[in-house]
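Below: data_6.pdb (PDB, C-alpha atoms and all ligand atoms)
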ATOM      1  CA  MET U 162     -34.830  22.430   7.964
ATOM      2  CA  ILE U 163     -31.585  23.473   9.616
ATOM      3  CA  THR U 164     -29.990  26.608   8.251
ATOM      4  CA  LEU U 165     -26.235  26.179   8.011
ATOM      5  CA  PRO U 166     -23.969  29.158   8.673
ATOM      6  CA  PHE U 167     -21.972  28.248   5.545
ATOM      7  CA  SER U 168     -22.816  27.253   1.972
ATOM      8  CA  ALA U 169     -23.737  23.559   1.674
ATOM      9  CA  HIS U 170     -22.846  23.790  -2.010
ATOM     10  CA  ASP U 171     -19.322  24.983  -1.197
ATOM     11  CA  PHE U 172     -19.018  22.241   1.418
ATOM     12  CA  HIS U 173     -19.933  19.699  -1.255
ATOM     13  CA  LEU U 174     -17.541  21.087  -3.884
ATOM     14  CA  GLN U 175     -14.590  21.461  -1.518
ATOM     15  CA  SER U 176     -15.172  17.960  -0.091
ATOM     16  CA  LEU U 177     -15.118  16.507  -3.609
ATOM     17  CA  ALA U 178     -11.881  18.321  -4.446
ATOM     18  CA  LEU U 179     -10.292  17.079  -1.213
ATOM     19  CA  ILE U 180     -11.505  13.505  -1.806
ATOM     20  CA  ALA U 181      -9.785  13.447  -5.210
ATOM     21  CA  ALA U 182      -6.565  14.836  -3.729
ATOM     22  CA  THR U 183      -6.513  12.514  -0.726
ATOM     23  CA  ARG U 184      -7.083   9.421  -2.875
ATOM     24  CA  THR U 185      -4.003  10.339  -4.885
ATOM     25  CA  LEU U 186      -1.945  11.009  -1.752
ATOM     26  CA  SER U 187      -3.153   7.853  -0.040
ATOM     27  CA  SER U 188      -2.333   5.715  -3.098
ATOM     28  CA  ARG U 189       1.242   6.983  -2.844
ATOM     29  CA  GLY U 190       1.466   5.821   0.778
ATOM     30  CA  TRP U 191       1.648   9.342   2.191
ATOM     31  CA  THR U 192      -1.258   8.836   4.660
ATOM     32  CA  PRO U 193      -0.422   5.597   6.545
ATOM     33  CA  ALA U 194      -2.613   4.132   9.294
ATOM     34  CA  THR U 195      -5.459   6.708   8.980
ATOM     35  CA  SER U 196      -2.997   9.555   9.682
ATOM     36  CA  SER U 197      -2.960  12.932   7.930
ATOM     37  CA  ASN U 198      -5.647  15.558   7.603
ATOM     38  CA  PHE U 199      -6.929  17.808   4.858
ATOM     39  CA  SER U 200      -8.967  20.977   4.769
ATOM     40  CA  ALA U 201     -10.286  23.711   2.497
ATOM     41  CA  ARG U 202     -11.725  27.133   3.190
ATOM     42  CA  LEU U 203     -15.483  27.600   2.890
ATOM     43  CA  ASP U 204     -15.632  31.317   3.700
ATOM     44  CA  ALA U 205     -14.053  33.874   6.030
ATOM     45  CA  LYS U 206     -15.322  32.035   9.102
ATOM     46  CA  HIS U 207     -15.484  28.349   8.154
ATOM     47  CA  ALA U 208     -13.415  25.537   6.720
ATOM     48  CA  VAL U 209     -14.171  21.924   5.816
ATOM     49  CA  ILE U 210     -11.798  19.322   7.307
ATOM     50  CA  THR U 211     -11.470  15.550   7.480
ATOM     51  CA  VAL U 212     -13.008  13.847  10.510
ATOM     52  CA  SER U 213     -10.156  12.256  12.449
ATOM     53  CA  GLY U 214      -9.336   8.540  12.271
ATOM     54  CA  ARG U 215     -10.742   7.789   8.798
ATOM     55  CA  ASP U 216      -8.898   5.837   6.091
ATOM     56  CA  LYS U 217      -7.776   8.586   3.732
ATOM     57  CA  GLY U 218      -7.965   6.304   0.685
ATOM     58  CA  GLN U 219     -11.701   5.653   1.194
ATOM     59  CA  LEU U 220     -13.084   9.085   2.027
ATOM     60  CA  THR U 221     -16.605  10.124   1.169
ATOM     61  CA  GLU U 222     -18.360  13.408   1.882
ATOM     62  CA  ALA U 223     -19.541  11.919   5.201
ATOM     63  CA  ASP U 224     -15.908  11.942   6.360
ATOM     64  CA  PHE U 225     -15.781  15.742   6.279
ATOM     65  CA  MET U 226     -17.044  18.276   8.764
ATOM     66  CA  ALA U 227     -17.152  22.044   9.078
ATOM     67  CA  VAL U 228     -15.185  23.947  11.705
ATOM     68  CA  ASP U 229     -14.918  27.593  12.629
ATOM     69  CA  MET U 230     -11.590  29.382  12.505
ATOM     70  CA  ARG U 231     -10.870  28.444  16.131
ATOM     71  CA  GLY U 232     -11.142  24.775  15.196
ATOM     72  CA  HIS U 233     -14.539  24.106  16.801
ATOM     73  CA  ALA U 234     -17.092  21.849  15.106
ATOM     74  CA  VAL U 235     -19.944  23.670  13.351
ATOM     75  CA  ALA U 236     -23.249  21.882  12.671
ATOM     76  CA  SER U 237     -21.588  18.497  13.261
ATOM     77  CA  GLU U 238     -21.574  15.844  15.988
ATOM     78  CA  HIS U 239     -18.067  14.772  15.000
ATOM     79  CA  ARG U 240     -14.969  15.783  16.858
ATOM     80  CA  PRO U 241     -12.417  17.488  14.633
ATOM     81  CA  SER U 242      -8.844  16.232  14.557
ATOM     82  CA  ALA U 243      -6.587  17.529  17.321
ATOM     83  CA  GLU U 244      -4.478  19.148  14.620
ATOM     84  CA  THR U 245      -7.376  21.247  13.292
ATOM     85  CA  LEU U 246      -5.886  24.274  15.030
ATOM     86  CA  LEU U 247      -2.820  24.105  12.753
ATOM     87  CA  HIS U 248      -5.151  24.354   9.748
ATOM     88  CA  THR U 249      -7.324  27.177  11.043
ATOM     89  CA  GLN U 250      -4.238  29.105  12.150
ATOM     90  CA  LEU U 251      -3.235  29.363   8.477
ATOM     91  CA  TYR U 252      -6.713  30.447   7.326
ATOM     92  CA  ARG U 253      -6.734  33.125  10.010
ATOM     93  CA  HIS U 254      -3.238  34.257   9.099
ATOM     94  CA  ASP U 255      -3.884  34.795   5.375
ATOM     95  CA  ALA U 256      -7.264  35.218   3.675
ATOM     96  CA  GLY U 257      -5.586  34.040   0.431
ATOM     97  CA  ILE U 258      -5.020  30.522   1.812
ATOM     98  CA  GLY U 259      -7.770  28.205   0.576
ATOM     99  CA  CYS U 260      -6.454  24.708   1.284
ATOM    100  CA  VAL U 261      -4.148  22.988   3.794
ATOM    101  CA  LEU U 262      -2.813  19.467   3.219
ATOM    102  CA  HIS U 263      -0.998  17.505   5.931
ATOM    103  CA  THR U 264       0.654  14.161   5.165
ATOM    104  CA  HIS U 265       3.004  11.666   6.844
ATOM    105  CA  SER U 266       5.095  10.220   4.008
ATOM    106  CA  MET U 267       8.284   8.250   4.682
ATOM    107  CA  THR U 268      10.368  10.944   2.962
ATOM    108  CA  GLN U 269       8.802  13.717   5.065
ATOM    109  CA  THR U 270       9.236  11.728   8.272
ATOM    110  CA  VAL U 271      12.879  10.802   7.631
ATOM    111  CA  ALA U 272      13.761  14.333   6.459
ATOM    112  CA  SER U 273      12.068  15.862   9.513
ATOM    113  CA  ARG U 274      14.270  13.755  11.799
ATOM    114  CA  TYR U 275      17.458  14.140   9.781
ATOM    115  CA  PHE U 276      17.233  17.944   9.610
ATOM    116  CA  ALA U 277      15.665  18.512  13.048
ATOM    117  CA  ARG U 278      18.888  19.655  14.645
ATOM    118  CA  SER U 279      19.426  22.499  12.172
ATOM    119  CA  GLY U 280      15.783  23.551  12.540
ATOM    120  CA  HIS U 281      15.192  23.817   8.793
ATOM    121  CA  VAL U 282      15.856  22.250   5.404
ATOM    122  CA  GLU U 283      17.354  24.527   2.785
ATOM    123  CA  LEU U 284      15.910  23.815  -0.672
ATOM    124  CA  ALA U 285      18.142  25.573  -3.209
ATOM    125  CA  GLY U 286      18.876  25.347  -6.915
ATOM    126  CA  TYR U 287      15.982  23.057  -7.826
ATOM    127  CA  GLU U 288      13.978  23.657 -10.983
ATOM    128  CA  LEU U 289      10.968  22.461  -8.954
ATOM    129  CA  LEU U 290      11.257  25.517  -6.696
ATOM    130  CA  LYS U 291       9.314  27.227  -9.493
ATOM    131  CA  ALA U 292       6.301  25.120  -8.514
ATOM    132  CA  ILE U 293       6.079  27.303  -5.394
ATOM    133  CA  ASP U 294       3.802  30.309  -5.886
ATOM    134  CA  GLY U 295       5.870  33.475  -6.378
ATOM    135  CA  VAL U 296       9.142  31.690  -7.234
ATOM    136  CA  THR U 297      10.261  32.346 -10.820
ATOM    137  CA  THR U 298      13.768  30.907 -10.905
ATOM    138  CA  HIS U 299      15.652  27.805  -9.788
ATOM    139  CA  ASP U 300      18.453  30.140  -8.670
ATOM    140  CA  THR U 301      17.033  30.785  -5.215
ATOM    141  CA  ALA U 302      16.564  29.069  -1.870
ATOM    142  CA  ILE U 303      13.656  28.524   0.452
ATOM    143  CA  ARG U 304      13.926  27.429   4.061
ATOM    144  CA  LEU U 305      11.479  24.800   5.165
ATOM    145  CA  PRO U 306      11.254  25.052   8.974
ATOM    146  CA  VAL U 307      11.450  21.854  11.056
ATOM    147  CA  LEU U 308       9.510  22.235  14.300
ATOM    148  CA  SER U 309       9.664  19.988  17.364
ATOM    149  CA  ASN U 310       6.684  17.688  17.622
ATOM    150  CA  SER U 311       4.225  18.256  20.445
ATOM    151  CA  GLN U 312       0.743  17.196  21.479
ATOM    152  CA  ASP U 313       0.186  20.750  22.731
ATOM    153  CA  MET U 314      -1.418  22.267  19.632
ATOM    154  CA  GLU U 315      -1.517  25.802  21.045
ATOM    155  CA  GLY U 316       2.234  25.606  21.662
ATOM    156  CA  LEU U 317       2.881  24.100  18.243
ATOM    157  CA  ALA U 318       0.769  26.784  16.559
ATOM    158  CA  GLU U 319       2.806  29.423  18.383
ATOM    159  CA  ALA U 320       6.047  27.869  17.088
ATOM    160  CA  VAL U 321       4.606  27.873  13.535
ATOM    161  CA  GLY U 322       3.516  31.505  13.903
ATOM    162  CA  VAL U 323       7.120  32.662  14.290
ATOM    163  CA  HIS U 324       7.847  31.539  10.716
ATOM    164  CA  LEU U 325       4.698  32.676   8.936
ATOM    165  CA  GLU U 326       6.034  36.045   7.783
ATOM    166  CA  GLN U 327       8.824  34.349   5.850
ATOM    167  CA  PRO U 328       8.338  35.063   2.110
ATOM    168  CA  GLN U 329       7.436  32.068  -0.032
ATOM    169  CA  MET U 330       6.615  30.067   3.096
ATOM    170  CA  ARG U 331       4.192  27.411   1.853
ATOM    171  CA  GLY U 332       4.962  24.588   4.259
ATOM    172  CA  TYR U 333       6.785  23.246   7.292
ATOM    173  CA  LEU U 334       7.914  19.935   8.719
ATOM    174  CA  ILE U 335       7.214  18.617  12.205
ATOM    175  CA  GLU U 336       9.911  16.338  13.584
ATOM    176  CA  GLY U 337       9.166  12.622  13.329
ATOM    177  CA  HIS U 338       5.698  13.517  12.130
ATOM    178  CA  GLY U 339       5.132  14.955   8.655
ATOM    179  CA  LEU U 340       4.627  17.961   6.426
ATOM    180  CA  TYR U 341       2.087  20.776   6.288
ATOM    181  CA  ALA U 342       1.653  22.464   2.898
ATOM    182  CA  TRP U 343      -0.893  24.975   1.694
ATOM    183  CA  GLY U 344      -2.024  27.058  -1.255
ATOM    184  CA  ARG U 345      -4.836  29.249  -2.525
ATOM    185  CA  ASP U 346      -6.863  26.194  -3.579
ATOM    186  CA  VAL U 347      -6.638  22.393  -3.517
ATOM    187  CA  GLY U 348      -4.727  22.274  -6.821
ATOM    188  CA  GLU U 349      -2.068  24.732  -5.706
ATOM    189  CA  ALA U 350      -1.686  23.108  -2.284
ATOM    190  CA  MET U 351      -1.162  19.739  -4.046
ATOM    191  CA  ARG U 352       1.482  21.285  -6.309
ATOM    192  CA  HIS U 353       3.319  22.751  -3.302
ATOM    193  CA  LEU U 354       3.096  19.472  -1.387
ATOM    194  CA  GLU U 355       4.400  17.424  -4.328
ATOM    195  CA  ALA U 356       7.248  19.875  -5.029
ATOM    196  CA  MET U 357       8.359  19.849  -1.389
ATOM    197  CA  GLU U 358       8.144  16.063  -1.175
ATOM    198  CA  PHE U 359      10.258  15.777  -4.341
ATOM    199  CA  MET U 360      12.927  18.217  -3.144
ATOM    200  CA  LEU U 361      13.083  16.592   0.315
ATOM    201  CA  SER U 362      13.504  13.229  -1.353
ATOM    202  CA  ALA U 363      16.356  14.656  -3.483
ATOM    203  CA  GLU U 364      18.033  16.132  -0.378
ATOM    204  CA  LEU U 365      17.951  12.741   1.362
ATOM    205  CA  GLU U 366      19.231  10.997  -1.757
ATOM    206  CA  LEU U 367      22.172  13.444  -1.988
ATOM    207  CA  ARG U 368      23.050  12.670   1.654
ATOM    208  CA  ARG U 369      22.951   8.949   0.894
ATOM    209  CA  LEU U 370      25.453   9.550  -1.904
ATOM    210  CA  GLY U 371      27.691  11.325   0.586
ATOM    211  CA  ALA U 372      27.142  14.869  -0.690
ATOM    212  CA  PRO U 373      28.232  17.444   1.893
ATOM    213  CA  PRO U 374      25.342  19.142   3.659
TER     214      PRO U 374
HETATM  215 ZN    ZN U 401      -0.203  14.738  11.785
END

Kindly transcribe the structure held in the file into structure tokens.
Ligand SMILES: [Zn+2]
Amino acid sequence: MITLPFSAHDFHLQSLALIAATRTLSSRGWTPATSSNFSARLDAKHAVITVSGRDKGQLTEADFMAVDMRGHAVASEHRPSAETLLHTQLYRHDAGIGCVLHTHSMTQTVASRYFARSGHVELAGYELLKAIDGVTTHDTAIRLPVLSNSQDMEGLAEAVGVHLEQPQMRGYLIEGHGLYAWGRDVGEAMRHLEAMEFMLSAELELRRLGAPP
């Protein structure tokens, strides 16, 4: 019997939690054409992440694999998604981060292109800001960074790193690509992702109505 360097029980539980979340996100059309990837922390040195190229509405436990915090496969023949490094970067940065969700919804993609030039989206005055951990009032603003897309994950991770000390930073957009959101567990990461999606959608709707930026 092979001894795994992480808990198989935790792998099972975290995979189940991610499967439930990704079914919801997929049913909303936020994971088109097998895109998007999802992960959860197993321990200080390992995370479970979706194997790349799978339909996110049909995931089973076999569609997950373990990686170390440098994004290398652990006890798996599968190749992790190229974007794994953007997940493990967050786990390395903050031991309190337990889940990272990355989706490609239409709202996220359009917002990432619309706001690319300013380099961020300002989300201010929304009651839903209170869904973000640590925010207790609508009367505040958070800046969601918009980073240039790249296939160079080391370079992209470096660009993300510049923003990670920002308080209440729980997500970022990549131009023409999608949104990364995270939290201490799958439930909190989902709440952050949904709140950001909602506020981005409201920002785009305001622009459509001709509201000044
Ligand atoms: Zn992506």

Can you build me a table of segment 273-309 of chain U residues sitting at most 12 Å from segment 339-347 of chain U, with the closest atom pair per residue and its distance in Å to one decimal, using all atoms listed in the file, sorted by chain and residue number, as JSON lines?
{"residue": "U:Ser273", "atom": "CA", "partner": "U:Gly339", "partner_atom": "CA", "distance": 7.0}
{"residue": "U:Arg274", "atom": "CA", "partner": "U:Gly339", "partner_atom": "CA", "distance": 9.7}
{"residue": "U:Ala277", "atom": "CA", "partner": "U:Gly339", "partner_atom": "CA", "distance": 12.0}
{"residue": "U:Ala292", "atom": "CA", "partner": "U:Gly344", "partner_atom": "CA", "distance": 11.2}
{"residue": "U:Ile293", "atom": "CA", "partner": "U:Gly344", "partner_atom": "CA", "distance": 9.1}
{"residue": "U:Asp294", "atom": "CA", "partner": "U:Gly344", "partner_atom": "CA", "distance": 8.1}
{"residue": "U:Gly295", "atom": "CA", "partner": "U:Gly344", "partner_atom": "CA", "distance": 11.4}
{"residue": "U:Leu305", "atom": "CA", "partner": "U:Leu340", "partner_atom": "CA", "distance": 9.8}
{"residue": "U:Pro306", "atom": "CA", "partner": "U:Leu340", "partner_atom": "CA", "distance": 10.0}
{"residue": "U:Val307", "atom": "CA", "partner": "U:Leu340", "partner_atom": "CA", "distance": 9.1}
{"residue": "U:Leu308", "atom": "CA", "partner": "U:Gly339", "partner_atom": "CA", "distance": 10.2}
{"residue": "U:Ser309", "atom": "CA", "partner": "U:Gly339", "partner_atom": "CA", "distance": 11.0}

Leaving out His239 of chain U and any residue of its chain fewer than 3 positions from it, which residues lie within 12 Å of it when counting only C-alpha atoms, given as a PyMOL selection string? chain U and resi 210-215+223-228+233-236+242

Atomic distance atom CA of Phe172 of chain U - atom CA of Val209 of chain U, expressed in Å with one decimal: 6.6 Å

From (-11.0, 27.5, 14.8), in the file's coordinates, out to 8 Å: which residues are reached, counting only C-alpha atoms? Answer as a list in words.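 Counting only C-alpha atoms, I find these residues within 8 Å of (-11.0, 27.5, 14.8): Val228, Asp229, Met230, Arg231, Gly232, His233, Thr245, Leu246, Thr249 and Gln250 of chain U.
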
Write out, as CSV, each residue of chain U that has an atom at most 9 Å from ligand ZN 401 (chain U), together with the closest pair of atoms and their distance in Å to one decimal, counting all atoms listed in the file, rows going by chain and rising number.
residue,atom,partner,partner_atom,distance
U:Ser196,CA,U:ZN401,ZN,6.3
U:Ser197,CA,U:ZN401,ZN,5.1
U:Asn198,CA,U:ZN401,ZN,6.9
U:Ala243,CA,U:ZN401,ZN,8.9
U:Glu244,CA,U:ZN401,ZN,6.8
U:His263,CA,U:ZN401,ZN,6.5
U:Thr264,CA,U:ZN401,ZN,6.7
U:His265,CA,U:ZN401,ZN,6.6
U:Ile335,CA,U:ZN401,ZN,8.4
U:His338,CA,U:ZN401,ZN,6.0
U:Gly339,CA,U:ZN401,ZN,6.2
U:Leu340,CA,U:ZN401,ZN,7.9
U:Tyr341,CA,U:ZN401,ZN,8.5

Resulting file, chosen residues, C-alpha atoms, as a PDB file, in the coordinates of the input:
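Wrote again31.pdb, looks like this:
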ATOM      1  CA  SER U 196      -2.997   9.555   9.682  1.00  0.00           C
ATOM      2  CA  SER U 197      -2.960  12.932   7.930  1.00  0.00           C
ATOM      3  CA  ASN U 198      -5.647  15.558   7.603  1.00  0.00           C
ATOM      4  CA  ALA U 243      -6.587  17.529  17.321  1.00  0.00           C
ATOM      5  CA  GLU U 244      -4.478  19.148  14.620  1.00  0.00           C
ATOM      6  CA  HIS U 263      -0.998  17.505   5.931  1.00  0.00           C
ATOM      7  CA  THR U 264       0.654  14.161   5.165  1.00  0.00           C
ATOM      8  CA  HIS U 265       3.004  11.666   6.844  1.00  0.00           C
ATOM      9  CA  ILE U 335       7.214  18.617  12.205  1.00  0.00           C
ATOM     10  CA  HIS U 338       5.698  13.517  12.130  1.00  0.00           C
ATOM     11  CA  GLY U 339       5.132  14.955   8.655  1.00  0.00           C
ATOM     12  CA  LEU U 340       4.627  17.961   6.426  1.00  0.00           C
ATOM     13  CA  TYR U 341       2.087  20.776   6.288  1.00  0.00           C
TER      14      TYR U 341
END

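Residue membership of the PyMOL selection byres (((chain U and resi 182) around 10) and not hetatm) in the shown file amounts to Ser176, Leu177, Ala178, Leu179, Ile180, Ala181, Thr183, Arg184, Thr185, Leu186, Ser187, Phe199, Lys217, Gly218, Leu262, Val347, Gly348, Ala350 and Met351 of chain U.
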
If we draw a sphere of 10 Å around (8.2, 17.5, -0.3), which residues have at least one atom in it when counting all atoms listed in the file? Please report them as a PyMOL selection string. chain U and resi 264+266+268-269+272+284+305+332-334+339-342+352-364

List the residues selected by the PyMOL selection byres (((chain U and resi 255) around 12) and not hetatm) in the file shown, writing them as a PyMOL selection string. chain U and resi 202+205+230+248-254+256-261+322+325-326+330-331+343-345

Could you dump the residues just selected with C-alpha atoms as a PDB file, in the coordinates of the input?
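Just written: out_31.pdb:
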ATOM      1  CA  ARG U 202     -11.725  27.133   3.190  1.00  0.00           C
ATOM      2  CA  ALA U 205     -14.053  33.874   6.030  1.00  0.00           C
ATOM      3  CA  MET U 230     -11.590  29.382  12.505  1.00  0.00           C
ATOM      4  CA  HIS U 248      -5.151  24.354   9.748  1.00  0.00           C
ATOM      5  CA  THR U 249      -7.324  27.177  11.043  1.00  0.00           C
ATOM      6  CA  GLN U 250      -4.238  29.105  12.150  1.00  0.00           C
ATOM      7  CA  LEU U 251      -3.235  29.363   8.477  1.00  0.00           C
ATOM      8  CA  TYR U 252      -6.713  30.447   7.326  1.00  0.00           C
ATOM      9  CA  ARG U 253      -6.734  33.125  10.010  1.00  0.00           C
ATOM     10  CA  HIS U 254      -3.238  34.257   9.099  1.00  0.00           C
ATOM     11  CA  ALA U 256      -7.264  35.218   3.675  1.00  0.00           C
ATOM     12  CA  GLY U 257      -5.586  34.040   0.431  1.00  0.00           C
ATOM     13  CA  ILE U 258      -5.020  30.522   1.812  1.00  0.00           C
ATOM     14  CA  GLY U 259      -7.770  28.205   0.576  1.00  0.00           C
ATOM     15  CA  CYS U 260      -6.454  24.708   1.284  1.00  0.00           C
ATOM     16  CA  VAL U 261      -4.148  22.988   3.794  1.00  0.00           C
ATOM     17  CA  GLY U 322       3.516  31.505  13.903  1.00  0.00           C
ATOM     18  CA  LEU U 325       4.698  32.676   8.936  1.00  0.00           C
ATOM     19  CA  GLU U 326       6.034  36.045   7.783  1.00  0.00           C
ATOM     20  CA  MET U 330       6.615  30.067   3.096  1.00  0.00           C
ATOM     21  CA  ARG U 331       4.192  27.411   1.853  1.00  0.00           C
ATOM     22  CA  TRP U 343      -0.893  24.975   1.694  1.00  0.00           C
ATOM     23  CA  GLY U 344      -2.024  27.058  -1.255  1.00  0.00           C
ATOM     24  CA  ARG U 345      -4.836  29.249  -2.525  1.00  0.00           C
TER      25      ARG U 345
END

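Reported to one decimal place, the separation of atom CA of Met267 of chain U from atom CA of Arg189 of chain U is 10.4 Å.
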
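The coordinates place atom CA of Leu165 of chain U at 12.0 Å from atom CA of Leu203 of chain U.
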
Box along x, y and z, 8 Å on every side, all listed atoms of segment 253-269 of chain U inside: centre and edge lengths in Å to one decimal, as JSON.
{"center_x": 1.3, "center_y": 21.7, "center_z": 5.2, "size_x": 34.1, "size_y": 43.0, "size_z": 25.6}
